[in-house]
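S.K.: What follows is query.cif, mmCIF, C-alpha atoms.
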data_structure
loop_
_atom_site.label_atom_id
_atom_site.label_comp_id
_atom_site.auth_asym_id
_atom_site.auth_seq_id
_atom_site.Cartn_x
_atom_site.Cartn_y
_atom_site.Cartn_z
CA MET C 1 -12.21 34.21 28.22
CA SER C 2 -12.53 30.57 27.18
CA VAL C 3 -9.42 28.67 26.20
CA GLY C 4 -9.10 26.39 23.17
CA VAL C 5 -6.54 24.05 21.70
CA ALA C 6 -5.70 24.23 18.01
CA CYS C 7 -3.82 21.46 16.24
CA ASP C 8 -2.22 21.74 12.83
CA LEU C 9 -3.26 18.31 11.60
CA CYS C 10 -1.22 18.54 8.45
CA SER C 11 2.15 19.07 10.12
CA GLY C 12 1.27 17.34 13.38
CA THR C 13 2.58 20.40 15.26
CA ILE C 14 0.63 21.26 18.39
CA LEU C 15 -0.24 24.91 19.03
CA PHE C 16 -1.89 26.00 22.26
CA ALA C 17 -3.68 29.33 21.97
CA LYS C 18 -6.49 31.35 23.46
CA ARG C 19 -9.41 31.99 21.19
CA LYS C 20 -8.80 35.07 19.08
CA SER C 21 -9.34 38.32 20.88
CA SER C 22 -9.11 41.89 19.72
CA ARG C 23 -5.72 42.30 21.43
CA THR C 24 -3.45 39.27 21.26
CA SER C 25 -3.06 35.51 21.16
CA HIS C 26 -0.80 33.26 23.17
CA VAL C 27 1.29 30.32 22.01
CA ALA C 28 3.04 27.55 23.88
CA ALA C 29 6.61 27.72 25.11
CA ASP C 30 9.37 27.14 22.58
CA ARG C 31 10.08 23.71 24.06
CA LEU C 32 6.87 22.44 22.50
CA LYS C 33 7.58 23.76 19.02
CA GLY C 34 7.57 20.93 16.52
CA MET C 35 6.19 18.49 19.10
CA GLN C 36 3.83 15.96 17.60
CA GLU C 37 1.06 13.79 18.93
CA ASN C 38 2.38 10.26 19.27
CA VAL C 39 1.08 7.18 17.52
CA TRP C 40 -0.93 6.07 20.54
CA VAL C 41 -3.34 9.02 20.40
CA GLU C 42 -4.56 8.27 16.89
CA LEU C 43 -4.60 4.49 17.20
CA ILE C 44 -6.36 4.46 20.57
CA GLN C 45 -9.06 6.69 19.07
CA LEU C 46 -9.29 4.37 16.07
CA ALA C 47 -9.62 1.35 18.35
CA GLN C 48 -12.44 3.03 20.25
CA GLU C 49 -14.27 3.62 16.98
CA VAL C 50 -13.65 0.24 15.33
CA LYS C 51 -13.51 -2.10 18.37
CA PRO C 52 -10.87 -4.38 16.83
CA VAL C 53 -9.08 -7.38 18.28
CA ASN C 54 -6.36 -5.35 19.97
CA LEU C 55 -2.84 -6.70 19.63
CA GLY C 56 -1.54 -3.15 19.48
CA GLN C 57 -1.22 -1.65 22.94
CA GLY C 58 1.14 -3.32 25.39
CA PHE C 59 -1.13 -4.34 28.19
CA PRO C 60 -2.57 -7.71 29.27
CA ASP C 61 -6.25 -8.33 28.64
CA PHE C 62 -6.42 -10.74 31.58
CA ALA C 63 -6.67 -10.10 35.31
CA ALA C 64 -3.73 -8.83 37.36
CA PRO C 65 -2.33 -11.30 39.91
CA GLU C 66 -4.69 -11.80 42.83
CA PHE C 67 -1.98 -11.33 45.45
CA ILE C 68 -1.35 -7.74 44.39
CA THR C 69 -4.96 -6.68 43.83
CA LYS C 70 -5.76 -8.20 47.25
CA ALA C 71 -2.89 -6.19 48.70
CA LEU C 72 -4.50 -2.99 47.38
CA ARG C 73 -7.92 -3.96 48.77
CA ASP C 74 -6.32 -4.63 52.14
CA VAL C 75 -4.50 -1.29 52.07
CA LEU C 76 -7.71 0.60 51.33
CA ALA C 77 -9.52 -1.20 54.16
CA HIS C 78 -6.64 -0.75 56.64
CA PRO C 79 -7.39 1.33 59.76
CA ASN C 80 -4.07 3.22 59.38
CA VAL C 81 -5.40 6.52 58.05
CA PHE C 82 -1.94 7.62 56.93
CA LEU C 83 -2.00 5.04 54.12
CA ASN C 84 -4.38 7.43 52.36
CA GLN C 85 -2.21 10.52 52.86
CA TYR C 86 0.99 11.93 51.35
CA THR C 87 4.04 9.76 51.71
CA GLN C 88 7.79 10.29 51.41
CA SER C 89 8.60 12.24 48.25
CA HIS C 90 11.30 9.91 46.90
CA GLY C 91 9.19 6.81 47.53
CA HIS C 92 6.93 5.26 50.14
CA PRO C 93 9.16 3.74 52.86
CA ARG C 94 7.83 0.22 52.52
CA LEU C 95 8.29 0.24 48.74
CA VAL C 96 11.80 1.71 48.62
CA ASN C 97 12.86 -0.78 51.28
CA ALA C 98 11.44 -3.63 49.19
CA LEU C 99 13.18 -2.33 46.07
CA SER C 100 16.41 -1.94 48.01
CA LYS C 101 16.26 -5.53 49.23
CA LEU C 102 15.47 -6.90 45.75
CA TYR C 103 18.11 -5.01 43.80
CA SER C 104 20.77 -5.28 46.50
CA ASN C 105 20.55 -9.05 46.04
CA LEU C 106 20.54 -8.82 42.24
CA LEU C 107 23.40 -6.35 41.99
CA GLY C 108 25.55 -7.74 44.78
CA ARG C 109 25.80 -4.35 46.53
CA GLU C 110 23.74 -2.61 49.21
CA LEU C 111 21.35 0.03 47.88
CA ASP C 112 20.46 2.92 50.17
CA PRO C 113 16.63 3.08 50.06
CA LEU C 114 16.57 6.80 50.83
CA ASN C 115 19.31 8.07 48.53
CA GLU C 116 19.69 5.56 45.70
CA ILE C 117 16.06 4.91 44.71
CA LEU C 118 13.32 7.15 43.33
CA VAL C 119 9.68 6.08 42.87
CA THR C 120 7.92 7.84 39.98
CA ILE C 121 4.61 8.07 38.16
CA GLY C 122 5.41 5.22 35.82
CA ALA C 123 8.69 4.55 34.04
CA ASP C 124 7.95 7.52 31.75
CA GLU C 125 8.37 9.98 34.61
CA ALA C 126 11.59 8.24 35.68
CA MET C 127 12.95 8.78 32.16
CA TYR C 128 11.67 12.37 32.02
CA CYS C 129 13.20 13.29 35.39
CA THR C 130 16.51 11.74 34.38
CA VAL C 131 16.71 13.57 31.06
CA MET C 132 15.62 16.89 32.55
CA ALA C 133 18.04 16.52 35.44
CA PHE C 134 21.15 15.99 33.29
CA VAL C 135 20.65 17.31 29.76
CA ASN C 136 21.53 20.91 28.97
CA PRO C 137 20.79 22.67 25.68
CA GLY C 138 23.22 21.33 23.08
CA ASP C 139 24.01 18.12 24.94
CA GLU C 140 23.72 14.97 22.83
CA VAL C 141 21.87 11.81 23.84
CA VAL C 142 22.53 8.58 21.94
CA ILE C 143 19.40 6.53 21.26
CA ILE C 144 19.41 3.01 19.84
CA GLU C 145 16.65 2.49 17.27
CA PRO C 146 13.98 1.28 17.05
CA CYS C 147 13.04 2.84 20.39
CA PHE C 148 10.12 3.80 22.57
CA ASP C 149 8.78 7.05 21.18
CA PHE C 150 8.90 8.92 24.51
CA TYR C 151 12.69 9.26 24.51
CA GLU C 152 13.02 11.80 21.71
CA PRO C 153 10.47 14.40 22.91
CA ALA C 154 11.85 14.31 26.46
CA ILE C 155 15.35 15.05 25.14
CA LYS C 156 14.14 17.84 22.88
CA MET C 157 12.14 19.47 25.69
CA ALA C 158 15.39 19.60 27.68
CA GLY C 159 17.09 21.31 24.74
CA GLY C 160 19.16 18.23 24.01
CA ILE C 161 20.02 16.72 20.65
CA PRO C 162 18.92 13.12 20.00
CA VAL C 163 21.57 11.13 18.12
CA PHE C 164 20.12 7.98 16.59
CA VAL C 165 21.91 4.75 15.79
CA PRO C 166 19.90 1.81 14.40
CA LEU C 167 20.09 -1.88 15.09
CA HIS C 168 20.48 -3.77 11.81
CA PRO C 169 19.08 -7.25 11.06
CA LYS C 170 21.84 -9.63 9.97
CA SER C 171 19.38 -11.41 7.68
CA HIS C 172 15.73 -11.28 6.67
CA GLY C 173 12.70 -13.51 7.00
CA PHE C 174 11.97 -15.49 10.17
CA ILE C 175 14.82 -14.35 12.43
CA SER C 176 15.55 -13.93 16.13
CA SER C 177 15.73 -10.61 17.92
CA ALA C 178 19.37 -11.55 18.60
CA ASP C 179 19.95 -11.07 14.86
CA TRP C 180 19.35 -7.32 15.22
CA VAL C 181 22.76 -5.86 16.09
CA LEU C 182 24.70 -2.62 16.29
CA ASP C 183 27.44 -1.91 13.80
CA PRO C 184 30.40 -1.29 16.14
CA GLU C 185 32.04 1.40 13.99
CA GLU C 186 28.79 3.21 13.30
CA PHE C 187 27.89 3.04 16.98
CA ALA C 188 31.24 4.34 18.21
CA SER C 189 31.05 7.25 15.76
CA LYS C 190 27.96 8.60 17.56
CA PHE C 191 29.92 9.41 20.72
CA THR C 192 31.48 12.87 20.85
CA ASN C 193 32.60 15.36 23.49
CA LYS C 194 28.98 16.58 23.53
CA THR C 195 27.50 13.17 24.42
CA LYS C 196 25.90 13.27 27.89
CA ILE C 197 23.71 10.16 28.00
CA ILE C 198 23.03 6.95 26.16
CA ILE C 199 19.67 5.19 26.57
CA VAL C 200 19.66 1.38 26.33
CA ASN C 201 16.46 -0.67 26.45
CA THR C 202 16.81 -4.36 27.32
CA PRO C 203 14.74 -6.49 27.01
CA HIS C 204 13.83 -4.36 24.04
CA ASN C 205 10.59 -2.84 22.84
CA PRO C 206 9.59 -3.49 20.05
CA LEU C 207 12.14 -6.13 18.99
CA GLY C 208 12.25 -8.29 22.11
CA LYS C 209 16.06 -8.22 21.91
CA VAL C 210 17.95 -9.11 25.10
CA PHE C 211 21.36 -7.46 24.88
CA THR C 212 24.19 -9.91 25.53
CA ARG C 213 27.00 -9.35 27.98
CA SER C 214 29.44 -8.66 25.13
CA GLU C 215 27.08 -6.08 23.59
CA LEU C 216 26.67 -4.35 26.93
CA GLU C 217 30.42 -4.42 27.49
CA MET C 218 30.92 -2.66 24.15
CA ILE C 219 28.47 0.05 25.24
CA ALA C 220 30.09 0.26 28.69
CA GLU C 221 33.55 0.82 27.25
CA LEU C 222 32.31 3.77 25.20
CA CYS C 223 30.52 5.21 28.23
CA LYS C 224 33.73 5.07 30.26
CA LYS C 225 35.85 6.42 27.41
CA HIS C 226 33.60 9.44 26.85
CA ASN C 227 32.39 9.90 30.47
CA VAL C 228 28.76 9.25 29.50
CA ILE C 229 25.83 8.43 31.79
CA CYS C 230 24.11 5.17 30.84
CA VAL C 231 20.34 5.16 31.32
CA MET C 232 19.06 1.59 31.30
CA ASP C 233 15.38 1.09 30.48
CA GLU C 234 14.85 -2.37 31.98
CA VAL C 235 11.07 -2.36 32.44
CA TYR C 236 10.77 -5.86 30.88
CA GLU C 237 13.50 -7.29 33.13
CA TRP C 238 11.36 -10.25 34.29
CA LEU C 239 10.16 -11.22 30.81
CA VAL C 240 13.12 -13.19 29.45
CA TYR C 241 12.63 -16.52 27.69
CA LYS C 242 14.63 -19.73 27.69
CA GLY C 243 18.08 -19.43 26.18
CA SER C 244 18.54 -15.76 27.08
CA GLU C 245 19.78 -13.97 30.18
CA HIS C 246 19.08 -10.45 31.37
CA ILE C 247 22.37 -8.77 32.30
CA ARG C 248 22.14 -5.59 34.37
CA MET C 249 24.50 -2.90 33.12
CA ALA C 250 25.02 -1.67 36.68
CA THR C 251 26.81 -4.96 37.52
CA LEU C 252 29.54 -4.52 34.89
CA PRO C 253 32.97 -3.27 36.02
CA GLY C 254 33.13 0.51 36.34
CA MET C 255 29.46 1.00 35.42
CA TRP C 256 27.62 1.30 38.75
CA GLU C 257 28.84 4.87 39.26
CA ARG C 258 27.61 6.00 35.82
CA THR C 259 24.36 4.01 35.43
CA LEU C 260 20.74 4.83 36.25
CA THR C 261 18.29 1.94 35.81
CA ILE C 262 14.55 2.32 35.27
CA GLY C 263 11.87 -0.21 36.22
CA SER C 264 8.09 -0.47 36.08
CA ALA C 265 5.45 -2.00 38.32
CA GLY C 266 3.15 -2.02 35.30
CA LYS C 267 5.39 -4.49 33.47
CA THR C 268 6.57 -6.29 36.62
CA PHE C 269 3.08 -7.18 37.87
CA GLY C 270 0.85 -6.64 34.82
CA ILE C 271 -0.75 -3.49 36.27
CA THR C 272 0.04 -0.86 33.64
CA GLY C 273 -2.81 1.40 34.78
CA TRP C 274 -1.31 1.85 38.24
CA LYS C 275 1.48 3.98 36.71
CA ILE C 276 4.19 3.36 39.28
CA GLY C 277 7.83 3.17 38.19
CA TRP C 278 11.24 3.74 39.73
CA LEU C 279 14.88 4.33 39.08
CA TYR C 280 17.94 3.32 41.04
CA GLY C 281 21.62 4.17 40.92
CA PRO C 282 24.42 5.79 42.90
CA LYS C 283 23.30 8.69 45.10
CA GLU C 284 25.68 11.01 43.24
CA LEU C 285 23.40 10.58 40.20
CA THR C 286 20.03 9.71 41.75
CA LYS C 287 19.87 12.90 43.84
CA PHE C 288 19.27 15.01 40.72
CA PRO C 289 16.19 13.18 39.37
CA GLN C 290 14.98 13.07 42.99
CA LEU C 291 15.26 16.86 43.17
CA LEU C 292 13.37 17.31 39.92
CA HIS C 293 10.66 14.86 41.00
CA GLU C 294 10.04 16.50 44.39
CA ASN C 295 9.69 19.90 42.73
CA CYS C 296 7.38 18.58 40.02
CA VAL C 297 4.93 15.95 41.34
CA SER C 298 6.16 15.77 44.96
CA SER C 299 5.12 12.15 45.60
CA CYS C 300 3.22 9.22 44.11
CA ALA C 301 0.00 7.55 45.26
CA THR C 302 0.55 6.07 48.73
CA PRO C 303 -1.95 3.15 48.57
CA LEU C 304 -0.55 1.94 45.24
CA GLN C 305 3.01 2.05 46.52
CA GLU C 306 2.07 0.17 49.69
CA ALA C 307 0.31 -2.56 47.69
CA ILE C 308 3.21 -2.90 45.23
CA ALA C 309 5.59 -3.20 48.18
CA VAL C 310 3.51 -6.09 49.49
CA GLY C 311 3.65 -7.64 46.02
CA PHE C 312 7.43 -7.47 46.01
CA GLU C 313 7.66 -8.92 49.50
CA ILE C 314 5.51 -11.87 48.47
CA GLU C 315 7.33 -12.44 45.19
CA MET C 316 10.78 -12.21 46.75
CA GLU C 317 9.80 -15.11 49.00
CA ARG C 318 8.66 -17.09 45.95
CA MET C 319 11.67 -16.44 43.69
CA GLY C 320 13.25 -19.68 42.51
CA THR C 321 10.17 -21.73 43.41
CA PRO C 322 7.30 -23.10 41.28
CA ASP C 323 5.04 -20.44 42.83
CA SER C 324 7.01 -17.52 41.41
CA TYR C 325 4.67 -15.14 39.58
CA TRP C 326 7.50 -13.89 37.36
CA GLN C 327 8.48 -17.39 36.30
CA ASN C 328 4.86 -18.41 35.77
CA THR C 329 4.34 -15.33 33.61
CA VAL C 330 7.25 -16.32 31.36
CA ASP C 331 5.97 -19.90 31.20
CA THR C 332 2.53 -18.59 30.21
CA LEU C 333 3.77 -16.14 27.59
CA GLU C 334 6.21 -18.45 25.79
CA PRO C 335 3.50 -20.59 24.14
CA LYS C 336 1.56 -17.43 23.25
CA ARG C 337 4.70 -16.08 21.57
CA ASP C 338 5.14 -19.35 19.68
CA HIS C 339 1.46 -19.38 18.65
CA LEU C 340 1.66 -15.84 17.27
CA ALA C 341 4.89 -16.57 15.38
CA LYS C 342 3.37 -19.69 13.85
CA PHE C 343 0.26 -18.12 12.38
CA LEU C 344 2.08 -14.99 11.21
CA THR C 345 4.56 -17.20 9.37
CA THR C 346 1.72 -19.19 7.83
CA VAL C 347 0.40 -16.09 6.03
CA GLY C 348 3.81 -14.83 4.94
CA MET C 349 4.35 -12.24 7.67
CA ALA C 350 7.96 -12.95 8.61
CA PRO C 351 8.33 -12.43 12.37
CA THR C 352 11.33 -11.51 14.46
CA PHE C 353 11.27 -14.12 17.23
CA PRO C 354 11.64 -12.22 20.54
CA GLU C 355 14.01 -13.29 23.32
CA GLY C 356 12.17 -11.16 25.88
CA GLY C 357 9.27 -8.78 26.46
CA TYR C 358 5.81 -9.41 25.06
CA PHE C 359 5.99 -7.87 21.61
CA MET C 360 6.74 -9.33 18.21
CA ILE C 361 7.40 -7.44 15.00
CA ALA C 362 6.64 -8.98 11.63
CA ASP C 363 7.56 -8.05 8.07
CA PHE C 364 4.19 -7.66 6.33
CA SER C 365 5.57 -6.55 2.95
CA GLU C 366 4.55 -9.72 1.08
CA ILE C 367 0.93 -9.61 2.15
CA GLY C 368 0.84 -5.80 2.22
CA SER C 369 1.76 -5.63 -1.46
CA LYS C 370 -1.57 -7.28 -2.28
CA VAL C 371 -3.67 -4.74 -0.35
CA ASP C 372 -4.93 -1.43 -1.74
CA LEU C 373 -3.77 1.14 0.83
CA ASP C 374 -4.51 4.26 -1.23
CA ALA C 375 -7.37 5.30 1.05
CA GLU C 376 -4.99 5.75 4.00
CA ILE C 377 -2.21 8.28 4.54
CA GLY C 378 1.25 8.07 6.09
CA THR C 379 4.14 5.66 5.76
CA LYS C 380 3.43 2.20 4.40
CA ASP C 381 3.20 0.59 7.83
CA TYR C 382 0.83 3.32 9.12
CA ARG C 383 -1.39 2.79 6.12
CA PHE C 384 -1.36 -0.98 6.52
CA VAL C 385 -2.09 -0.78 10.27
CA LYS C 386 -5.05 1.53 9.72
CA TRP C 387 -6.33 -0.58 6.82
CA LEU C 388 -6.04 -3.75 8.90
CA CYS C 389 -7.90 -2.15 11.78
CA ARG C 390 -10.73 -0.68 9.71
CA ASN C 391 -11.22 -3.56 7.28
CA MET C 392 -10.20 -6.67 9.21
CA LYS C 393 -10.81 -5.50 12.82
CA LEU C 394 -7.28 -6.32 13.97
CA GLN C 395 -4.96 -3.72 15.45
CA GLY C 396 -1.17 -3.64 15.59
CA ILE C 397 1.35 -0.79 15.81
CA PRO C 398 3.40 0.61 12.90
CA VAL C 399 7.08 0.02 13.62
CA SER C 400 8.22 3.20 11.85
CA SER C 401 6.76 5.05 14.87
CA PHE C 402 9.72 3.66 16.84
CA TYR C 403 12.20 5.37 14.49
CA SER C 404 13.36 8.95 14.03
CA ASN C 405 12.27 10.81 10.91
CA GLU C 406 15.61 10.14 9.23
CA HIS C 407 15.30 6.38 9.71
CA LYS C 408 11.55 5.74 9.34
CA SER C 409 12.14 3.81 6.13
CA LEU C 410 13.90 1.11 8.20
CA GLY C 411 10.64 0.29 9.93
CA GLU C 412 7.96 0.79 7.31
CA ASN C 413 7.75 -2.90 6.32
CA PHE C 414 7.04 -4.01 9.89
CA ILE C 415 4.07 -4.16 12.21
CA ARG C 416 4.25 -4.81 15.98
CA PHE C 417 1.88 -7.18 17.75
CA CYS C 418 1.48 -7.73 21.49
CA PHE C 419 1.00 -11.32 22.72
CA CYS C 420 0.32 -10.78 26.45
CA LYS C 421 -3.30 -11.58 25.68
CA GLU C 422 -5.85 -14.26 26.49
CA GLU C 423 -5.58 -17.31 24.25
CA THR C 424 -9.08 -16.55 22.95
CA THR C 425 -7.83 -13.12 21.82
CA LEU C 426 -4.93 -14.70 19.93
CA GLU C 427 -7.30 -17.24 18.36
CA LYS C 428 -9.51 -14.40 17.09
CA ALA C 429 -6.44 -12.68 15.68
CA GLU C 430 -5.35 -15.91 13.99
CA LYS C 431 -8.76 -16.30 12.32
CA ILE C 432 -8.59 -12.73 11.03
CA ILE C 433 -5.09 -13.27 9.64
CA MET C 434 -6.12 -16.54 7.97
CA ASP C 435 -9.23 -14.90 6.50
CA LEU C 436 -7.00 -12.15 5.12
CA LYS C 437 -4.68 -14.68 3.53
CA ASN C 438 -7.58 -16.59 1.96
CA SER C 439 -9.01 -13.37 0.50
CA LEU C 440 -5.70 -12.32 -1.07
CA PHE C 441 -4.08 -15.53 -2.31
#
Spell out the structure here as structure tokens.
M.R.:
Amino acid sequence: MSVGVACDLCSGTILFAKRKSSRTSHVAADRLKGMQENVWVELIQLAQEVKPVNLGQGFPDFAAPEFITKALRDVLAHPNVFLNQYTQSHGHPRLVNALSKLYSNLLGRELDPLNEILVTIGADEAMYCTVMAFVNPGDEVVIIEPCFDFYEPAIKMAGGIPVFVPLHPKSHGFISSADWVLDPEEFASKFTNKTKIIIVNTPHNPLGKVFTRSELEMIAELCKKHNVICVMDEVYEWLVYKGSEHIRMATLPGMWERTLTIGSAGKTFGITGWKIGWLYGPKELTKFPQLLHENCVSSCATPLQEAIAVGFEIEMERMGTPDSYWQNTVDTLEPKRDHLAKFLTTVGMAPTFPEGGYFMIADFSEIGSKVDLDAEIGTKDYRFVKWLCRNMKLQGIPVSSFYSNEHKSLGENFIRFCFCKEETTLEKAEKIIMDLKNSLF
């Protein structure tokens, strides 16, 4: 009997079922009830149809660093046949040793490469393994909004309850990501005796906010008070601009023993398609995601891990020098960030100036009010994003997709753009934006 997939497009609820037979039909497990396709599915399909200038998805449109692609070529040509076979489940020895060396220096404590590090299929799997390893049905997980849209479904699949608390802009117009802050009383009220985990993303997607030491200390105190595990999503840790500093939660007093930190080779070396991530933390916590990982995917691709390990070894030698890839990346992205902010401001799209990462959100409400969006469906930002893609051939991401259903209205005046693009790509986007302004004003 052939198998089909049915999708209720009106509700967005996915239903997996065999084609109708005379006897019965089969539906997915309860954990998938109410699960919806994420924003990326629809907008990637739209981009394939329209072929827009893509400032939506968060990947570079320029070549990955030569030293790491060369490392992969060398691995594939290496006579050691075992580099093409299964490797250690928790992480390829050369890579976990490189990660141990790097983070031991950054944290000021020795990390055990075998017991305090886990290599995963991208940062998504690191988050998934962590949530599944700790969250029981009825446990609450505090999520700071806006947030990456993978957090909520992972928590729900574990039977957990997402508890959302938004960052609030202190003012409007052209502001910094530092101006988006938590309300201390509102934030503290989200912690209860059911709270198991809090997820903190810094540098932040989509705002570009870099949480300050005092903000992290406020979070840390609540974690200690309520005995909560802190899961730090730090995939943009190397993308921090002048005037800001990335503070690692695991370095704060009393936080190492309750913190798991997630990283990404895709963001670290501009190789998002390699899908290699990791987490690190005390073995008393790390052993549980390790157990889940080894009983789910077993291990990650050996050649990719070997090449990434070489990349780390090279970059660790270059840190603090003019040859540092991470520093050169920041130096390259800063003017791109400034360029994007300038032309968005010119047309009345008020940007939030990011302190880190490679995304920028902008309030499009002024220009959006002059566009007829009746042909599109969804929240205002979804409609504007789709209209902009179809009619002007420029793609961004609707910011309401980074909010829970109860808070989507907080994001529906914003659109997210990615600026880790070639200068020619940004120039094309600028021309489109200027053409839009000239046609409306």
S.K.: CA of Ser177 in chain C to CA of Arg416 in chain C: how many Å, to one decimal?
M.R.: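 That distance, rounded to one decimal, is 13.0 Å.
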S.K.: For range 258-266 of chain C, please output as a list in words all residues within 6 Å (counting only C-alpha atoms; exclusion window: fewer than 2 positions along the same chain).
M.R.: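 Contacts, in chain order: Ala123, Ile229, Cys230, Val231, Met232, Asp233, Glu234, Val235, Ala250, Met255, Trp256, Thr268, Phe269, Gly270, Ile271, Thr272, Ile276, Gly277, Trp278, Leu279, Tyr280 and Gly281 of chain C.
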S.K.: Can you list what the PyMOL selection byres ((chain C and resi 400) around 10) grabs from this structure, as an NGL selection string?
M.R.: :C and (39 or 146-147 or 379-382 or 397-399 or 401-405 or 407-416)
S.K.: To test the calculation: enclose all listed atoms of range 324-340 of chain C in a box whose edges run along x, y and z, add 4 Å on each side, then state centre and edge lengths in Å to one decimal, as AutoDock Vina command-line options.
M.R.:
--center_x 5.0 --center_y -17.2 --center_z 29.3 --size_x 15.0 --size_y 14.7 --size_z 32.1
S.K.: When the PyMOL selection byres ((chain C and resi 203) around 8) is applied to the file above, which residues end up in the set, as a PyMOL selection string?
M.R.: chain C and resi 201-202+204-205+208-211+234-237+239-240+246+355-357
